[in-house]
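This report concerns only the one structure given below.
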Amino acid sequence: METRLLLPTKENIELTAQALANGQLAAIPTETVYGLAANALDGDAVRKIFEAKGRPMDNPLIVHVSDLASVKNMELVSEIPPKAVKLAEKFWPGPLTIIMPKGKAIPNEVSAGLETVAIRFPSHPVTRALISAAGVPLAAPSANTSGSPSPTSAAHVMHDMSGKIPYIIDGGICEVGVESTVVTTVSDTPMLLRPGGITLEQLREAVGEVDVSEAVLFKLKEGQKAESPGMKYKHYAPKANLILIKSDDEKYIEYVNSRKNDNVGALCYDEDEENLSVKTFPFGKKNDFENQANRLFDALRSIDETNLTTVYGRCPETYGTGMAVYNRLIRAAGFEVIELA
Ligand code: TXA
Ligand code: MG
């Protein structure tokens with residue numbers, strides 16, 4: 001199949017929206033990462049997403065809407081819990097996904113057989129225009145091959161999806177750079193399932209108590225249940241062995257430089273670069289977590305363009321947007337962390 005890379009002109013949005021409404025796939029830009037979209041009300045169309053990504057069928061998808069009213073009117077959910085209303089009023093449109101009880105219109109392919117459904121109202125003008133023009137909600141996981149870092153540019157999507165899907169809309173570099181925050185409002189106390197652009201601190205400020213799923217910061221034990229199916233899969237890992245180093249700046253630099261050889265690299269902060277004597281992959285400024293989120297996936301992908309065998313990474317902070325960066329990096333590293341005293 002030929003994959004067409006399209007700019008988001010009015011005509012191209014109309015063309016792609018029609019293709020989506022007719023059951024075809026398209027990769028679309030959002031403010032978080034690129035999504036691989038299909039008509040969320042069409043189970044056969046949604047099935048194609050799983051094929052193109054090589055995604056396990058038991059991992060449910062997020063349904064994207066372009067207004068709040070259609071969540072209820074289109075029977076995407078059976079009810080909007082009071083705390084979901086609060087969160088939606090505060091953070092939509094934006095990088096927040098809210099899990100609610102599933103409505104009649106949601107095919108099993110989308111919810112992977114669960115009684116709940118994930119809903120997001122994105123802020124990106126192109127995403128919103130596409131959903132409106134298609135006239136249907138769009139189911140869309142990140143547009144990467146299953147297991148790879150999520151795409152934050154059209155070139156990333158092309159790399160993973162060329163020949164597998166008919167359309168990619170090029171909306172430039174994604175602003176947030178990590179996937180949306182996922183919170184469930186099905187439990188009495190809301191629970192954070194995946195950290196993202198909306199922070200835990202912001203969620204708590206909006207609705208009070210919010211629990212954090214253990215899988216956000218820790219490795220699940222054998223047989224332990226993941227509240228969010230996606231958290232149980234290996235994710236984001238480069239081919240090289242990535243090891244996180246928890247230490248201050250000086251010890252990190254000393255540790256990496258003392259292991260210098262042609263096969264070693266460093267996934268470092270911008271400030272570390274000039275002091276390192278190995279190949280570097282800077283992923284952001286040390287104290288700017290939004291900048292790290294914005295650049296992390298591109299840095300991880302560029303490691304795969306080399307033949308390095310070992311990469312030593314900085315271990316991010318776990319508060320604010322740092323939690324989202326940590327959550328992705330710890331998975332990319334297979335939870336391997338060396339702590340230097
Ligand atoms: O920013 C984003 O969220 C991007 C853009 C395209 O919107 N989408 C995205 O989708 O990251 P995906 O499929 O890569 O991640 C969705 C996550 C998965 O971890 C999945 O297991 C979880 O949300 N999820 C979806 N439905 C769920 C449900 N009903 N209950 C619990 N977790 C759910
Ligand atoms: Mg994904």
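To be explicit about the labels: the chains of the structure tokens are called A, B, and onward in the order shown, and within each one the residues are counted from 1, while ligands get numbers from 1 in the order they are shown.
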Applying 12 Å and only C-alpha atoms, which residues near Asn12 of chain A remain after dropping the ones on its own chain fewer than 6 positions away? List them as a ChimeraX atom specification. /A:4-6,18-19,26,28,126,129-130,133,167-171
Once you have the residues from the selection above, write them out as a short mmCIF file (atom, residue, chain, number, x, y, z; two decimals), in the first residue's frame, restricted to all heavy atoms.
```cif
data_model
loop_
_atom_site.label_atom_id
_atom_site.label_comp_id
_atom_site.auth_asym_id
_atom_site.auth_seq_id
_atom_site.Cartn_x
_atom_site.Cartn_y
_atom_site.Cartn_z
N ARG A 4 0.46 8.02 1.76
CA ARG A 4 0.55 9.44 1.34
C ARG A 4 0.76 10.34 2.54
O ARG A 4 0.01 10.28 3.52
CB ARG A 4 -0.73 9.84 0.61
CG ARG A 4 -0.87 9.20 -0.76
CD ARG A 4 -2.16 9.63 -1.44
NE ARG A 4 -2.17 11.06 -1.70
CZ ARG A 4 -3.26 11.73 -2.10
NH1 ARG A 4 -4.40 11.10 -2.27
NH2 ARG A 4 -3.20 13.04 -2.32
N LEU A 5 1.80 11.17 2.45
CA LEU A 5 2.09 12.14 3.50
C LEU A 5 1.46 13.47 3.10
O LEU A 5 1.83 14.05 2.07
CB LEU A 5 3.61 12.28 3.64
CG LEU A 5 4.15 13.12 4.79
CD1 LEU A 5 3.69 12.56 6.14
CD2 LEU A 5 5.68 13.17 4.75
N LEU A 6 0.50 13.93 3.90
CA LEU A 6 -0.29 15.11 3.51
C LEU A 6 -0.11 16.26 4.49
O LEU A 6 -0.04 16.03 5.71
CB LEU A 6 -1.78 14.74 3.48
CG LEU A 6 -2.21 13.58 2.59
CD1 LEU A 6 -3.70 13.28 2.83
CD2 LEU A 6 -1.97 13.91 1.12
N GLN A 18 -13.06 11.90 5.26
CA GLN A 18 -13.95 11.00 4.50
C GLN A 18 -13.43 9.57 4.52
O GLN A 18 -14.20 8.62 4.71
CB GLN A 18 -14.06 11.47 3.04
CG GLN A 18 -14.99 12.68 2.85
CD GLN A 18 -16.27 12.57 3.66
OE1 GLN A 18 -16.94 11.53 3.66
NE2 GLN A 18 -16.60 13.62 4.40
N ALA A 19 -12.11 9.42 4.34
CA ALA A 19 -11.51 8.08 4.37
C ALA A 19 -11.75 7.43 5.74
O ALA A 19 -12.08 6.25 5.84
CB ALA A 19 -10.01 8.18 4.08
N ALA A 26 -5.88 6.47 9.26
CA ALA A 26 -5.01 7.63 8.98
C ALA A 26 -4.23 7.95 10.25
O ALA A 26 -4.77 7.88 11.35
CB ALA A 26 -5.83 8.83 8.54
N ILE A 28 -2.62 10.75 12.51
CA ILE A 28 -2.97 12.16 12.69
C ILE A 28 -2.16 12.79 13.83
O ILE A 28 -1.84 12.13 14.81
CB ILE A 28 -4.49 12.30 13.00
CG1 ILE A 28 -4.86 11.58 14.31
CG2 ILE A 28 -5.32 11.73 11.85
CD1 ILE A 28 -6.29 11.83 14.77
N VAL A 126 -5.89 20.56 14.36
CA VAL A 126 -6.03 19.62 13.23
C VAL A 126 -6.81 18.38 13.67
O VAL A 126 -7.70 17.90 12.96
CB VAL A 126 -4.65 19.23 12.64
CG1 VAL A 126 -4.79 18.13 11.61
CG2 VAL A 126 -3.96 20.45 12.05
N ALA A 129 -10.43 19.36 13.97
CA ALA A 129 -11.05 19.56 12.65
C ALA A 129 -11.34 18.22 11.98
O ALA A 129 -12.40 18.04 11.37
CB ALA A 129 -10.12 20.40 11.77
N LEU A 130 -10.42 17.26 12.13
CA LEU A 130 -10.61 15.94 11.53
C LEU A 130 -11.80 15.21 12.14
O LEU A 130 -12.61 14.61 11.42
CB LEU A 130 -9.35 15.09 11.75
CG LEU A 130 -8.26 15.24 10.70
CD1 LEU A 130 -6.95 14.72 11.25
CD2 LEU A 130 -8.67 14.49 9.43
N ALA A 133 -15.00 16.89 10.97
CA ALA A 133 -15.29 16.63 9.56
C ALA A 133 -15.69 15.17 9.33
O ALA A 133 -16.53 14.88 8.47
CB ALA A 133 -14.07 16.99 8.70
N TYR A 167 -2.80 7.06 4.78
CA TYR A 167 -2.57 8.50 4.98
C TYR A 167 -1.83 8.81 6.28
O TYR A 167 -2.08 8.19 7.32
CB TYR A 167 -3.92 9.25 5.06
CG TYR A 167 -4.80 9.04 3.85
CD1 TYR A 167 -5.92 8.21 3.93
CD2 TYR A 167 -4.51 9.68 2.65
CE1 TYR A 167 -6.73 8.01 2.84
CE2 TYR A 167 -5.32 9.48 1.54
CZ TYR A 167 -6.43 8.64 1.64
OH TYR A 167 -7.23 8.45 0.55
N ILE A 168 -0.93 9.81 6.17
CA ILE A 168 -0.33 10.42 7.36
C ILE A 168 -0.49 11.92 7.21
O ILE A 168 -0.10 12.48 6.17
CB ILE A 168 1.18 10.09 7.49
CG1 ILE A 168 1.41 8.58 7.61
CG2 ILE A 168 1.78 10.83 8.70
CD1 ILE A 168 2.89 8.18 7.57
N ILE A 169 -1.06 12.58 8.19
CA ILE A 169 -1.14 14.04 8.13
C ILE A 169 0.03 14.61 8.93
O ILE A 169 0.23 14.26 10.11
CB ILE A 169 -2.47 14.55 8.69
CG1 ILE A 169 -3.59 14.06 7.77
CG2 ILE A 169 -2.46 16.08 8.78
CD1 ILE A 169 -4.90 14.73 7.98
N ASP A 170 0.81 15.48 8.27
CA ASP A 170 2.00 16.06 8.90
C ASP A 170 1.62 17.36 9.61
O ASP A 170 1.37 18.37 8.96
CB ASP A 170 3.06 16.33 7.82
CG ASP A 170 4.37 16.80 8.43
OD1 ASP A 170 4.39 17.14 9.63
OD2 ASP A 170 5.38 16.83 7.71
N GLY A 171 1.60 17.30 10.94
CA GLY A 171 1.27 18.50 11.72
C GLY A 171 2.50 19.03 12.45
O GLY A 171 2.37 19.74 13.44
#
```
At a cut-off of 8 Å and counting only C-alpha atoms and all ligand atoms, what residues surround ligand 1? Please answer as an MDAnalysis selection string. chainID A and resid 28:37 59:62 64 95:97 99:100 102 110:112 114:118 120 122 140:143 150 178:182 184 193:194 196 227:231
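Distances from A:Ile49, A:Ile198, A:Leu308, A:Val186 to ligand 2 were compared using only C-alpha atoms and all ligand atoms, and the smallest one belongs to A:Ile49.
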For ligand 2, which residue out of A:Asn144, A:Val65, A:Glu290, A:Ala38 is the nearest one, using only C-alpha atoms and all ligand atoms? A:Asn144
DSSP on the backbone: which residues in segment 32-271 of chain A end up as strand (DSSP E or B)? Give the answer as a ChimeraX atom specification. /A:35-39,62-64,77,96-102,116-120,138-139,142,167-169,181-184,191-194,211-212,241-246,264-267
I need the residues in segment 58-285 of chain A that are helix (DSSP H, G or I) according to DSSP; give them as a PyMOL selection string. chain A and resi 69-73+82-91+108-111+125-134+154-161+200-207+214-216+229-232+249-257+270-275
Name the closest residue to ligand 2 among the candidates A:Tyr255, A:Val325, A:Pro56, A:Lys286; distances are taken between atoms, counting only C-alpha atoms and all ligand atoms.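 Using only C-alpha atoms and all ligand atoms, the shortest distance to ligand 2 belongs to A:Pro56.
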I need the residue nearest Glu109 of chain A from this list: A:Ser123, A:Asn39, A:Asn22, A:Ser146. Use only C-alpha atoms for the distance.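 Checking each candidate against Glu109 of chain A, we get A:Asn39 as the closest.
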A:Gly43, A:Gly177, A:Pro166, A:Gly284: which is nearest Asn108 of chain A, counting only C-alpha atoms?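 Counting only C-alpha atoms, the residue closest to Asn108 of chain A is A:Gly43.
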Counting only C-alpha atoms and all ligand atoms, which residue out of A:Ser132, A:Asn73, A:Ser148, A:Thr3 sits closest to ligand 2?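 When distances to ligand 2 are compared using only C-alpha atoms and all ligand atoms, the smallest one comes from A:Ser148.
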Shell around Asp211 of chain A at 10 Å using only C-alpha atoms, local window under 5 positions removed, as JSON, numbers by chain: {"A": [183, 184, 187, 189, 190, 191, 192, 193, 200, 204]}
Show me, as a list of chain:residue names, the residues that have an atom within 9 Å of Lys260 of chain A when counting only C-alpha atoms, minus same-chain residues fewer than 5 positions from it.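 Using only C-alpha atoms, the neighbours found are A:Gly265, A:Ser277, A:Val278.
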Selection export as a PDB file, in the first residue's frame, atoms kept: N, CA, C and O atoms:
```pdb
ATOM      1  N   GLY A 265      27.021   4.759  24.882  1.00  0.00           N
ATOM      2  CA  GLY A 265      26.448   6.087  24.661  1.00  0.00           C
ATOM      3  C   GLY A 265      25.815   6.621  25.939  1.00  0.00           C
ATOM      4  O   GLY A 265      25.705   5.895  26.941  1.00  0.00           O
ATOM      5  N   SER A 277      32.561  12.058  27.215  1.00  0.00           N
ATOM      6  CA  SER A 277      33.471  11.699  26.123  1.00  0.00           C
ATOM      7  C   SER A 277      32.951  10.527  25.288  1.00  0.00           C
ATOM      8  O   SER A 277      33.671   9.952  24.494  1.00  0.00           O
ATOM      9  N   VAL A 278      31.653  10.176  25.460  1.00  0.00           N
ATOM     10  CA  VAL A 278      31.043   9.127  24.633  1.00  0.00           C
ATOM     11  C   VAL A 278      29.994   9.778  23.737  1.00  0.00           C
ATOM     12  O   VAL A 278      29.699  10.966  23.880  1.00  0.00           O
TER      13      VAL A 278
END
```
Polymer residues at most 9 Å from Lys104 of chain A, only C-alpha atoms, same-chain spacing of 4 or more positions, as a PDB file with N, CA, C and O atoms, in the first residue's frame:
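For reference, part.pdb as written:
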```pdb
ATOM      1  N   MET A  74     -23.750  10.441  21.864  1.00  0.00           N
ATOM      2  CA  MET A  74     -23.438   9.326  20.962  1.00  0.00           C
ATOM      3  C   MET A  74     -23.351   8.005  21.713  1.00  0.00           C
ATOM      4  O   MET A  74     -22.922   7.004  21.144  1.00  0.00           O
ATOM      5  N   GLU A  75     -23.699   8.011  22.982  1.00  0.00           N
ATOM      6  CA  GLU A  75     -23.658   6.807  23.833  1.00  0.00           C
ATOM      7  C   GLU A  75     -22.277   6.150  23.854  1.00  0.00           C
ATOM      8  O   GLU A  75     -22.142   4.936  23.730  1.00  0.00           O
ATOM      9  N   LEU A  76     -21.261   7.003  24.008  1.00  0.00           N
ATOM     10  CA  LEU A  76     -19.900   6.475  24.159  1.00  0.00           C
ATOM     11  C   LEU A  76     -19.699   5.971  25.581  1.00  0.00           C
ATOM     12  O   LEU A  76     -18.918   5.045  25.818  1.00  0.00           O
ATOM     13  N   VAL A  77     -20.380   6.621  26.525  1.00  0.00           N
ATOM     14  CA  VAL A  77     -20.312   6.196  27.934  1.00  0.00           C
ATOM     15  C   VAL A  77     -21.734   5.982  28.440  1.00  0.00           C
ATOM     16  O   VAL A  77     -22.686   6.536  27.880  1.00  0.00           O
ATOM     17  N   SER A  78     -21.893   5.181  29.515  1.00  0.00           N
ATOM     18  CA  SER A  78     -23.232   4.986  30.058  1.00  0.00           C
ATOM     19  C   SER A  78     -23.532   6.038  31.112  1.00  0.00           C
ATOM     20  O   SER A  78     -24.693   6.323  31.413  1.00  0.00           O
TER      21      SER A  78
END
```
